[in-house]
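So this block is input-v3.csv, CSV, C-alpha atoms:
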chain,number,residue,atom,x,y,z
A,1,MET,CA,0.0,0.0,0.0
A,2,SER,CA,1.3,3.4,-0.9
A,3,ASP,CA,1.8,5.9,1.9
A,4,THR,CA,2.2,8.9,-0.4
A,5,HIS,CA,-1.1,10.3,0.9
A,6,LEU,CA,0.3,10.5,4.5
A,7,PRO,CA,1.4,13.9,5.8
A,8,ARG,CA,5.1,14.5,5.9
A,9,LYS,CA,6.9,14.1,9.3
A,10,VAL,CA,7.3,17.3,11.2
A,11,ALA,CA,11.0,18.4,11.2
A,12,ILE,CA,12.4,19.2,14.6
A,13,VAL,CA,15.4,21.5,14.4
A,14,PRO,CA,17.2,22.3,17.6
A,15,CYS,CA,20.0,24.8,18.3
A,16,SER,CA,23.5,23.4,17.5
A,17,GLY,CA,25.3,25.6,20.0
A,18,ILE,CA,27.8,23.5,21.8
A,19,GLY,CA,28.9,24.5,25.3
A,20,LYS,CA,25.7,26.3,26.2
A,21,THR,CA,23.2,25.1,28.7
A,22,TYR,CA,20.2,26.3,26.7
A,23,GLY,CA,21.5,24.7,23.6
A,24,SER,CA,21.7,21.4,25.4
A,25,VAL,CA,18.1,21.8,26.6
A,26,SER,CA,17.0,22.4,23.0
A,27,ARG,CA,18.7,19.2,21.8
A,28,GLU,CA,17.5,17.1,24.8
A,29,ALA,CA,13.9,18.2,24.0
A,30,ALA,CA,14.4,17.4,20.4
A,31,TYR,CA,15.6,13.9,21.2
A,32,ASP,CA,12.7,13.4,23.6
A,33,VAL,CA,10.2,14.2,20.8
A,34,THR,CA,11.9,12.4,17.9
A,35,GLU,CA,13.1,9.3,19.7
A,36,ASP,CA,10.6,8.9,22.6
A,37,LEU,CA,7.4,10.8,22.4
A,38,ARG,CA,6.5,11.0,18.6
A,39,PRO,CA,9.1,9.1,16.6
A,40,GLU,CA,6.5,8.1,14.0
A,41,LYS,CA,5.5,11.7,13.4
A,42,THR,CA,8.7,13.6,13.6
A,43,GLN,CA,12.3,13.6,12.3
A,44,LEU,CA,15.3,15.3,13.8
A,45,VAL,CA,17.1,17.6,11.4
A,46,SER,CA,20.6,18.8,12.1
A,47,LEU,CA,21.1,22.5,12.0
A,48,ALA,CA,24.7,22.0,11.3
A,49,MET,CA,23.8,19.9,8.2
A,50,LEU,CA,21.5,22.7,7.0
A,51,VAL,CA,24.3,25.2,7.4
A,52,LEU,CA,26.4,23.0,5.2
A,53,GLY,CA,23.6,22.8,2.6
A,54,ASP,CA,23.3,19.0,3.0
A,55,GLU,CA,20.8,17.7,0.5
A,56,THR,CA,19.2,15.2,2.8
A,57,ALA,CA,18.7,17.8,5.5
A,58,CYS,CA,17.2,20.3,3.1
A,59,ALA,CA,15.0,17.6,1.6
A,60,ALA,CA,13.6,16.9,5.0
A,61,LEU,CA,12.3,20.4,5.2
A,62,ALA,CA,10.8,20.4,1.7
A,63,GLY,CA,7.0,20.4,2.0
A,64,ALA,CA,7.2,19.5,5.7
A,65,PRO,CA,6.3,21.7,8.7
A,66,ALA,CA,9.2,22.5,11.0
A,67,VAL,CA,9.4,23.2,14.7
A,68,THR,CA,12.6,25.1,15.6
A,69,ILE,CA,14.1,25.3,19.1
A,70,ASP,CA,16.6,28.2,19.6
A,71,GLY,CA,19.0,28.4,22.5
A,72,CYS,CA,19.6,32.1,22.3
A,73,LYS,CA,18.3,35.2,20.6
A,74,LEU,CA,20.4,34.8,17.5
A,75,ALA,CA,17.7,32.2,16.6
A,76,CYS,CA,20.0,30.4,14.2
A,77,ALA,CA,17.7,27.4,13.9
A,78,THR,CA,14.7,29.4,12.9
A,79,LYS,CA,16.7,31.6,10.5
A,80,MET,CA,18.4,28.6,8.9
A,81,VAL,CA,15.2,26.7,8.3
A,82,GLN,CA,13.7,29.8,6.7
A,83,GLU,CA,16.8,30.3,4.5
A,84,SER,CA,16.6,26.7,3.5
A,85,GLY,CA,13.1,27.1,2.2
A,86,GLY,CA,11.4,25.4,5.1
A,87,THR,CA,8.2,26.4,6.8
A,88,VAL,CA,8.4,27.2,10.5
A,89,THR,CA,5.2,26.1,12.1
A,90,LYS,CA,6.4,27.0,15.6
A,91,ASP,CA,9.6,28.6,16.9
A,92,TYR,CA,10.6,28.1,20.5
A,93,ALA,CA,13.2,30.0,22.4
A,94,VAL,CA,14.5,28.1,25.4
A,95,LEU,CA,14.6,31.3,27.5
A,96,GLU,CA,10.9,31.9,27.0
A,97,VAL,CA,10.1,28.3,27.8
A,98,TYR,CA,12.2,28.6,31.0
A,99,ARG,CA,10.2,31.7,32.0
A,100,ARG,CA,7.1,29.5,32.0
A,101,TYR,CA,8.8,26.8,34.1
A,102,LYS,CA,10.8,28.7,36.6
A,103,GLN,CA,10.9,25.7,38.9
A,104,PHE,CA,13.1,23.9,36.4
A,105,LYS,CA,16.4,25.7,36.5
A,106,PRO,CA,18.8,24.3,33.8
A,107,GLN,CA,22.4,23.9,34.6
A,108,GLY,CA,25.2,21.9,33.1
A,109,ILE,CA,26.4,21.6,29.5
A,110,ALA,CA,27.6,18.1,28.5
A,111,GLU,CA,25.2,16.7,31.1
A,112,LEU,CA,22.2,18.6,32.1
A,113,ASN,CA,21.1,18.7,35.7
A,114,GLU,CA,17.7,17.4,36.8
A,115,GLY,CA,16.1,20.9,36.3
A,116,GLY,CA,17.5,21.0,32.8
A,117,GLN,CA,16.1,17.6,32.0
A,118,GLN,CA,12.7,18.5,33.4
A,119,LEU,CA,12.7,21.7,31.4
A,120,ALA,CA,13.6,19.8,28.2
A,121,ARG,CA,10.8,17.3,29.0
A,122,ALA,CA,8.3,20.2,29.5
A,123,LEU,CA,9.3,21.7,26.2
A,124,ALA,CA,9.1,18.4,24.5
A,125,GLU,CA,5.5,18.0,25.7
A,126,GLU,CA,4.7,21.4,24.3
A,127,ILE,CA,6.2,20.4,21.0
A,128,VAL,CA,4.2,17.2,20.9
A,129,ALA,CA,1.0,19.2,21.2
A,130,VAL,CA,2.1,21.3,18.3
A,131,VAL,CA,3.1,18.3,16.2
A,132,ASP,CA,-0.2,16.6,16.9
A,133,SER,CA,-2.3,19.7,16.0
A,134,THR,CA,-0.1,20.5,13.0
A,135,LEU,CA,-0.6,17.0,11.5
A,136,ALA,CA,-4.3,17.3,12.3
A,137,GLY,CA,-4.3,20.4,10.2
A,138,SER,CA,-4.6,23.1,12.8
A,139,GLY,CA,-1.0,24.3,13.2
A,140,GLY,CA,0.6,27.7,12.6
A,141,GLU,CA,1.5,29.3,15.9
A,142,LYS,CA,4.6,31.4,16.3
A,143,ASN,CA,6.9,32.8,18.9
A,144,GLY,CA,6.9,30.4,21.8
B,1,MET,CA,19.7,65.1,25.7
B,2,PRO,CA,22.3,62.8,27.2
B,3,ASN,CA,25.3,61.7,25.2
B,4,PHE,CA,27.0,58.3,25.2
B,5,LEU,CA,30.6,57.3,25.8
B,6,GLU,CA,31.2,54.4,23.5
B,7,THR,CA,33.9,51.8,23.0
B,8,THR,CA,34.3,48.7,20.8
B,9,ILE,CA,36.0,45.8,22.4
B,10,ASP,CA,36.4,42.7,20.2
B,11,LYS,CA,33.0,42.5,18.4
B,12,PHE,CA,31.1,44.2,21.2
B,13,ILE,CA,30.0,47.8,21.5
B,14,PHE,CA,29.5,49.2,25.0
B,15,LYS,CA,27.8,52.5,25.8
B,16,VAL,CA,27.9,54.6,29.0
B,17,VAL,CA,25.3,57.3,29.1
B,18,ASP,CA,26.7,60.5,30.6
B,19,ASP,CA,23.8,61.9,32.6
B,20,ARG,CA,24.0,59.5,35.6
B,21,PHE,CA,26.2,57.9,38.2
B,22,TYR,CA,27.3,54.2,38.4
B,23,THR,CA,28.3,51.6,41.0
B,24,PRO,CA,31.4,49.5,40.2
B,25,ALA,CA,29.0,46.5,39.8
B,26,GLY,CA,27.2,48.2,37.0
B,27,LEU,CA,24.1,49.7,38.4
B,28,TRP,CA,23.3,53.2,37.2
B,29,ALA,CA,21.6,55.9,39.3
B,30,LEU,CA,19.8,58.9,37.7
B,31,ALA,CA,18.6,61.6,40.1
B,32,GLU,CA,15.2,63.0,39.4
B,33,GLY,CA,15.0,65.5,42.3
B,34,ASN,CA,15.2,63.3,45.4
B,35,ARG,CA,14.0,60.2,43.5
B,36,ILE,CA,16.8,58.0,42.1
B,37,ARG,CA,15.9,55.9,39.1
B,38,ILE,CA,18.1,52.8,38.9
B,39,GLY,CA,19.0,50.3,36.2
B,40,LEU,CA,21.7,48.1,34.8
B,41,SER,CA,24.5,49.5,32.6
B,42,ASP,CA,24.8,48.4,29.0
B,43,PHE,CA,28.1,46.6,29.8
B,44,GLN,CA,26.7,44.7,32.7
B,45,GLN,CA,23.6,43.6,30.8
B,46,GLN,CA,25.8,42.4,27.9
B,47,ARG,CA,28.2,40.7,30.2
B,48,SER,CA,25.5,39.0,32.1
B,49,GLY,CA,23.5,37.7,29.1
B,50,ASP,CA,19.8,37.5,28.4
B,51,VAL,CA,17.7,38.2,31.5
B,52,ALA,CA,15.3,35.4,32.5
B,53,PHE,CA,14.0,36.9,35.7
B,54,ALA,CA,14.5,40.1,37.6
B,55,GLU,CA,13.4,40.3,41.2
B,56,ILE,CA,13.3,43.7,42.7
B,57,LYS,CA,12.8,44.5,46.4
B,58,PRO,CA,9.1,45.5,46.9
B,59,VAL,CA,7.8,49.1,47.2
B,60,GLY,CA,8.3,50.2,50.8
B,61,THR,CA,11.6,48.3,51.3
B,62,GLN,CA,14.1,50.4,53.3
B,63,LEU,CA,17.6,50.1,51.9
B,64,ALA,CA,21.0,51.2,53.1
B,65,TYR,CA,23.7,51.9,50.5
B,66,ASP,CA,24.8,48.6,49.0
B,67,ASP,CA,22.0,46.6,50.5
B,68,GLU,CA,20.6,44.1,47.9
B,69,VAL,CA,18.0,45.9,45.8
B,70,ALA,CA,17.6,43.3,43.0
B,71,VAL,CA,18.6,39.8,41.9
B,72,ILE,CA,18.9,39.2,38.2
B,73,GLU,CA,18.9,35.7,36.8
B,74,THR,CA,20.3,35.4,33.3
B,75,ILE,CA,21.1,32.5,31.0
B,76,LYS,CA,24.6,32.7,32.4
B,77,VAL,CA,24.6,33.9,36.0
B,78,ASN,CA,22.6,35.0,39.0
B,79,ILE,CA,23.7,38.4,40.2
B,80,SER,CA,22.8,40.3,43.4
B,81,LEU,CA,22.8,44.0,42.9
B,82,GLY,CA,23.5,46.5,45.8
B,83,SER,CA,21.6,49.7,46.0
B,84,PRO,CA,23.5,52.8,44.9
B,85,VAL,CA,21.6,54.9,47.4
B,86,THR,CA,20.1,54.8,50.9
B,87,GLY,CA,16.4,55.2,50.9
B,88,SER,CA,13.0,53.6,50.3
B,89,VAL,CA,11.8,51.8,47.1
B,90,VAL,CA,8.9,53.8,45.8
B,91,GLU,CA,8.4,52.4,42.3
B,92,ILE,CA,9.2,49.2,40.4
B,93,ASN,CA,9.1,48.9,36.7
B,94,SER,CA,6.2,46.5,36.0
B,95,ALA,CA,8.2,45.1,33.0
B,96,MET,CA,10.5,43.4,35.5
B,97,THR,CA,7.8,40.9,36.1
B,98,ASP,CA,6.2,40.7,32.7
B,99,ALA,CA,9.1,41.3,30.3
B,100,PRO,CA,12.5,41.5,32.0
B,101,GLU,CA,14.2,41.3,28.6
B,102,VAL,CA,13.7,45.1,28.4
B,103,ILE,CA,16.9,45.2,30.5
B,104,ASN,CA,18.8,43.8,27.5
B,105,GLN,CA,16.8,45.7,24.9
B,106,ASP,CA,17.0,49.2,26.4
B,107,PRO,CA,19.1,49.3,29.6
B,108,TYR,CA,19.2,53.0,30.0
B,109,GLY,CA,15.6,53.6,29.0
B,110,ILE,CA,12.5,51.4,29.3
B,111,GLY,CA,14.7,48.8,31.0
B,112,TRP,CA,15.0,50.8,34.2
B,113,MET,CA,14.4,48.7,37.3
B,114,ALA,CA,13.2,50.8,40.2
B,115,VAL,CA,12.9,54.2,41.8
B,116,ILE,CA,14.3,54.9,45.3
B,117,GLU,CA,13.4,57.9,47.4
B,118,ALA,CA,16.8,58.9,48.6
B,119,ALA,CA,17.4,59.6,52.3
B,120,ASP,CA,20.5,61.7,51.6
B,121,TRP,CA,21.5,61.7,47.9
B,122,GLU,CA,24.2,64.2,48.4
B,123,ALA,CA,25.9,61.9,51.0
B,124,ASP,CA,25.6,58.8,48.7
B,125,ARG,CA,26.6,60.4,45.4
B,126,PRO,CA,30.4,60.6,46.2
B,127,CYS,CA,30.4,56.8,46.6
B,128,LEU,CA,29.4,56.4,43.0
B,129,MET,CA,31.4,56.7,39.8
B,130,ASP,CA,30.9,59.5,37.4
B,131,PRO,CA,30.4,58.5,33.8
B,132,GLN,CA,34.0,58.9,32.7
B,133,THR,CA,35.3,57.0,35.7
B,134,TYR,CA,32.8,54.2,35.1
B,135,PHE,CA,33.7,54.2,31.4
B,136,THR,CA,37.3,53.6,32.3
B,137,HIS,CA,36.4,51.0,34.8
B,138,MET,CA,34.1,49.2,32.4
B,139,LYS,CA,36.7,49.1,29.6
B,140,SER,CA,39.2,47.6,32.1
B,141,LEU,CA,36.7,44.8,33.0
B,142,ALA,CA,35.8,44.2,29.4
B,143,GLN,CA,39.5,43.9,28.5
B,144,GLU,CA,40.0,41.4,31.3
B,145,GLU,CA,37.1,39.3,30.0
B,146,LEU,CA,38.6,39.4,26.5
B,147,ASN,CA,42.0,38.3,27.9
B,148,LYS,CA,40.4,35.3,29.6
B,149,GLY,CA,39.6,34.1,26.1
Please go through the file and, once you have read it, give me the structure as structure tokens.
Amino acid sequence: MSDTHLPRKVAIVPCSGIGKTYGSVSREAAYDVTEDLRPEKTQLVSLAMLVLGDETACAALAGAPAVTIDGCKLACATKMVQESGGTVTKDYAVLEVYRRYKQFKPQGIAELNEGGQQLARALAEEIVAVVDSTLAGSGGEKNG
Amino acid sequence: MPNFLETTIDKFIFKVVDDRFYTPAGLWALAEGNRIRIGLSDFQQQRSGDVAFAEIKPVGTQLAYDDEVAVIETIKVNISLGSPVTGSVVEINSAMTDAPEVINQDPYGIGWMAVIEAADWEADRPCLMDPQTYFTHMKSLAQEELNKG
């Protein structure tokens, strides 16, 4: 049976900043979504590969909705998806997410503390809601 | 109309507005009669990073010079800020609760933090740095940061 009528997977594009706590939170949340919570509906797209113009990474954005997770106000993930021709359904900034979950204070870089992991999980659950509503045809929020 | 002292260090531009006084820790104090408006210097906000939360002592709090008037939590650090003046907190910028990022966006303007009714401004003022002195101090700190790599 052909699956060509099925909607594309939602691309999840986290920050690629190494050595920054908020970048680590963004990636942890992306892994939670793509490997644990919604592996069948999402795919992880490497920001670094988009920067390099990798064909596979760019193809993952073509015709597919994207959720970006930026670790700082430079918003590299969001800008790079837009420059690569992708459609950003929802852009998250980890700082804004943290303001909503003040009890989860992230610390650590290579290994996040418990607060960081909880913040990543909370963010992942928000993303899951966006993924589900997007694939159900009601997406389109911005600035999270 | 205030002017700015400005310097570029590495890729960063730092500004010091010349109509107010400064603490070595980077709080500014602008006298409006006996009321002293306070906020974070441009250098200190850039050095500290994006502000996540700003907690200011509530209206009515009595402060001695250098008592903690605010705690700022940024993506990098938590910093406790000492009051540049002895007096009573009479006003807090509501944006500190709702949108503390204004500290980063406009540190000398809408990013002000609080207003303190001074007990004796003339006595406290000599403890503060004038703009030129703070400018020199700030450049020294910025150079130290740069040398750390």
(request) Calculate how many Å separate CA of Val45 (chain A) from CA of Ala60 (chain A), rounding to one decimal. (result) 7.3 Å
(message) Residues of chain B within 9 Å of chain A, counting only C-alpha atoms, what are they? List them as a PyMOL selection string.
(response) chain B and resi 50-53+75-76
(message) Taking 2 positions as the minimum chain separation for residues in the same chain, which residues sit within 12 Å of region 139-145 of chain B when counting all atoms listed in the file? Answer as a ChimeraX atom specification.
(response) /B:5-16,24-26,42-44,46-48,132-137,147-149
(request) Quote the spacing between CA of Val102 (chain B) and CA of Ser83 (chain B) in Å to one decimal place. (result)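 These atoms are spaced 19.8 Å apart.
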(message) If we count all atoms listed in the file and set the cut-off at 8 Å, which residues sit around region 34-41 of chain B, ignoring sequence neighbours fewer than 5 positions away in its own chain? Please answer as a ChimeraX atom specification.
(response) /B:16,22,26-29,85,103,107-108,111-118,121
(message) Taking all atoms listed in the file into account, name the residue in A:Phe104, A:Ala62, A:Val67, A:Glu40 that is nearest to Gln118 (chain A).
(response)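 Closest residue, counting all atoms listed in the file: A:Phe104.
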(request) Measure the distance from CA of Gly109 (chain B) to CA of Ile56 (chain B) in Å and round it to one decimal. (result)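 These atoms are spaced 17.1 Å apart.
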(request) Please check which residues have atoms at most 8 Å from (17.5, 37.5, 43.9) in the file's coordinates, counting all atoms listed in the file, and write them as a list in words. (result)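 Residues close enough to count: Ala54, Glu55, Ile56, Ala70, Val71, Ile72, Glu73, Asn78, Ile79 and Ser80 of chain B.
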(request) Find the spatial neighbours of Gly63 (chain A), counting only C-alpha atoms, within a cut-off of 9 Å - ignore same-chain residues fewer than 5 positions away - and output them as a ChimeraX atom specification. (result) /A:8,86-87
(message) Let me make sure I understand: among B:Phe4, B:Gln45, B:Asp130, B:Pro58, which one has the smallest atom-to-atom distance to Thr97 (chain B) if we use all atoms listed in the file?
(response) B:Pro58
(request) Counting only C-alpha atoms, find the residues whose atoms lie at most 8 Å from (16.8, 16.6, 13.6) (file coordinates) and write them out as number ranges by chain. (result) A: 11-14, 30, 34, 43-47
(message) Using only C-alpha atoms for the distances, tell me which of B:Gly49, B:Pro126, B:Gly87, B:Pro131 is nearest to Arg20 (chain B).
(response) B:Pro131
